[in-house]
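So this block is protein_26.cif, mmCIF, C-alpha atoms and all ligand atoms:
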```
data_final
loop_
_atom_site.label_atom_id
_atom_site.label_comp_id
_atom_site.auth_asym_id
_atom_site.auth_seq_id
_atom_site.Cartn_x
_atom_site.Cartn_y
_atom_site.Cartn_z
CA MET A 1 149.01 -53.22 44.38
CA ARG A 2 148.50 -51.80 47.87
CA PHE A 3 145.90 -54.47 48.49
CA LEU A 4 148.39 -57.20 47.65
CA ALA A 5 150.95 -55.75 50.08
CA TRP A 6 148.35 -55.68 52.89
CA LEU A 7 147.32 -59.24 52.03
CA VAL A 8 150.91 -60.46 52.27
CA LEU A 9 151.34 -58.60 55.57
CA ALA A 10 148.12 -60.12 56.95
CA ILE A 11 149.20 -63.62 55.95
CA LEU A 12 152.60 -63.03 57.57
CA VAL A 13 150.98 -61.82 60.82
CA ILE A 14 148.61 -64.80 60.89
CA TYR A 15 151.52 -67.16 60.21
CA VAL A 16 153.63 -65.70 63.04
CA MET A 17 150.69 -65.72 65.47
CA ARG A 18 149.91 -69.33 64.65
CA LYS A 19 153.50 -70.33 65.27
CA LYS A 20 153.49 -68.54 68.62
CA MET A 21 150.21 -70.18 69.64
CA ILE A 22 151.50 -73.64 68.75
CA ALA A 23 154.68 -72.97 70.72
CA ALA A 24 152.64 -71.75 73.72
CA MET A 25 150.33 -74.77 73.63
CA ARG A 26 153.21 -77.21 73.50
CA PRO A 27 154.03 -78.51 76.98
CA PRO A 28 157.32 -77.27 78.40
CA PRO A 29 160.23 -79.61 77.91
CA SER A 30 160.25 -82.14 80.70
CA PRO A 31 163.29 -82.34 82.93
CA PRO A 32 165.71 -85.15 82.14
CA ALA A 33 164.01 -88.41 82.83
CA GLN A 34 165.18 -90.10 85.97
CA ALA A 35 164.69 -93.52 84.45
CA GLN A 36 168.38 -94.15 84.41
CA ARG A 37 169.15 -93.79 88.08
CA SER A 38 172.72 -94.55 88.98
CA VAL A 39 171.66 -96.33 92.14
CA GLU A 40 168.93 -98.85 91.55
CA GLY A 41 166.99 -100.12 94.52
CA GLU A 42 168.40 -103.52 95.23
CA SER A 43 165.98 -106.32 95.98
CA MET A 44 166.04 -107.65 99.50
CA VAL A 45 165.82 -111.31 100.38
CA SER A 46 165.23 -112.94 103.73
CA CYS A 47 167.51 -115.44 105.34
CA ALA A 48 165.97 -118.91 105.40
CA HIS A 49 167.34 -119.47 108.91
CA CYS A 50 166.78 -116.26 110.86
CA GLY A 51 164.51 -114.33 108.52
CA ILE A 52 166.62 -111.16 108.48
CA TYR A 53 166.45 -109.15 105.25
CA ILE A 54 169.67 -108.71 103.34
CA PRO A 55 170.53 -107.36 99.86
CA ALA A 56 170.27 -110.06 97.23
CA SER A 57 173.91 -109.52 96.23
CA GLU A 58 175.09 -110.30 99.77
CA ALA A 59 172.91 -113.36 100.22
CA LEU A 60 174.49 -116.81 100.25
CA SER A 61 172.66 -119.46 98.32
CA GLY A 62 172.13 -122.84 99.85
CA PRO A 63 170.41 -126.07 98.86
CA HIS A 64 166.85 -125.93 97.47
CA ASP A 65 167.47 -122.35 96.18
CA GLN A 66 167.28 -120.95 99.71
CA LEU A 67 169.19 -117.84 100.68
CA TYR A 68 171.09 -117.14 103.87
CA CYS A 69 172.61 -114.10 105.53
CA SER A 70 175.82 -115.90 106.48
CA SER A 71 177.62 -119.17 106.01
CA GLU A 72 176.97 -119.98 109.69
CA HIS A 73 173.22 -119.76 109.19
CA ARG A 74 173.48 -121.80 106.03
CA ALA A 75 175.36 -124.52 107.89
CA LEU A 76 172.94 -124.36 110.85
CA HIS A 77 169.90 -124.53 108.60
CA VAL A 78 171.25 -127.37 106.48
CA SER A 79 172.27 -129.46 109.53
CA SER A 80 168.97 -128.94 111.33
ZN ZN B 101 170.40 -115.58 108.98
#
```
How does the structure come out when it is put into structure tokens?
Ligand SMILES: [Zn+2]
Amino acid sequence: MRFLAWLVLAILVIYVMRKKMIAAMRPPPSPPAQAQRSVEGESMVSCAHCGIYIPASEALSGPHDQLYCSSEHRALHVSS
């Protein structure tokens, strides 16, 4: 009967040690992924007239899918 008690104790110790080893081998939890950034880098486009780079949201579209920094440059480029 004493043997059985020791056997159970040994199995318990092995079980606990295995659990600890698995926990130690597991990589630490990574910090929250920064995939969902609040501010995404906005794509820049160049003005077809002067070549200056402006955010795509501020660009003015003209004929032939060209983009301009201002309505003046759009008018100048279209008339020229
Ligand atoms: Zn321009």
Write out as a CSV table (one decimal) with C-alpha atoms, keeping the file's coordinate frame the residues lying within 12 Å of Ser43 (chain A), counting only C-alpha atoms and excluding same-chain residues fewer than 6 positions away.
```csv
chain,number,residue,atom,x,y,z
A,53,TYR,CA,166.4,-109.2,105.2
A,54,ILE,CA,169.7,-108.7,103.3
A,55,PRO,CA,170.5,-107.4,99.9
A,56,ALA,CA,170.3,-110.1,97.2
A,57,SER,CA,173.9,-109.5,96.2
A,58,GLU,CA,175.1,-110.3,99.8
A,59,ALA,CA,172.9,-113.4,100.2
```
Exercise for the section: Set the cut-off to 7 Å, count all atoms listed in the file, and list whatever residues fall near ligand ZN 101 (chain B) as a list in words. Expected result: Cys47, Ala48, His49, Cys50, Gly51, Ile52, Tyr68, Cys69, Ser70 and His73 of chain A
Using C-alpha atoms, can you export the residues from the last selection as a short mmCIF file (atom, residue, chain, number, x, y, z; two decimals), in the coordinates of the input?
```cif
data_model
loop_
_atom_site.label_atom_id
_atom_site.label_comp_id
_atom_site.auth_asym_id
_atom_site.auth_seq_id
_atom_site.Cartn_x
_atom_site.Cartn_y
_atom_site.Cartn_z
CA CYS A 47 167.51 -115.44 105.34
CA ALA A 48 165.97 -118.91 105.40
CA HIS A 49 167.34 -119.47 108.91
CA CYS A 50 166.78 -116.26 110.86
CA GLY A 51 164.51 -114.33 108.52
CA ILE A 52 166.62 -111.16 108.48
CA TYR A 68 171.09 -117.14 103.87
CA CYS A 69 172.61 -114.10 105.53
CA SER A 70 175.82 -115.90 106.48
CA HIS A 73 173.22 -119.76 109.19
#
```
Fill in the blank from the handout: note - CA of Leu60 (chain A) and CA of His77 (chain A) are separated by 12.3 Å
As lines of an AutoDock Vina configuration file: centre and edge lengths in Å, one decimal, of the axis-aligned box holding region 60-77 of chain A with 4 Å per side:
```
center_x = 172.2
center_y = -120.1
center_z = 103.5
size_x = 18.8
size_y = 20.0
size_z = 22.7
```
Exercise for the section: Please indicate the distance in Å from CA of Val78 (chain A) to CA of Gly62 (chain A), rounded to one decimal place. Expected result: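 Taking CA of Val78 (chain A) and CA of Gly62 (chain A), their separation equals 8.1 Å.
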Practice task
May I ask for the distance between CA of Ala5 (chain A) and CA of Arg18 (chain A), given in Å to one decimal place?
Solution key: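 Taking CA of Ala5 (chain A) as the start and CA of Arg18 (chain A) as the end point, the length is 19.9 Å.
With distances taken over all atoms listed in the file, A:Ser61 is the one residue among A:Val13, A:Leu4, A:Ser61, A:Arg26 lying closest to Ala75 (chain A).
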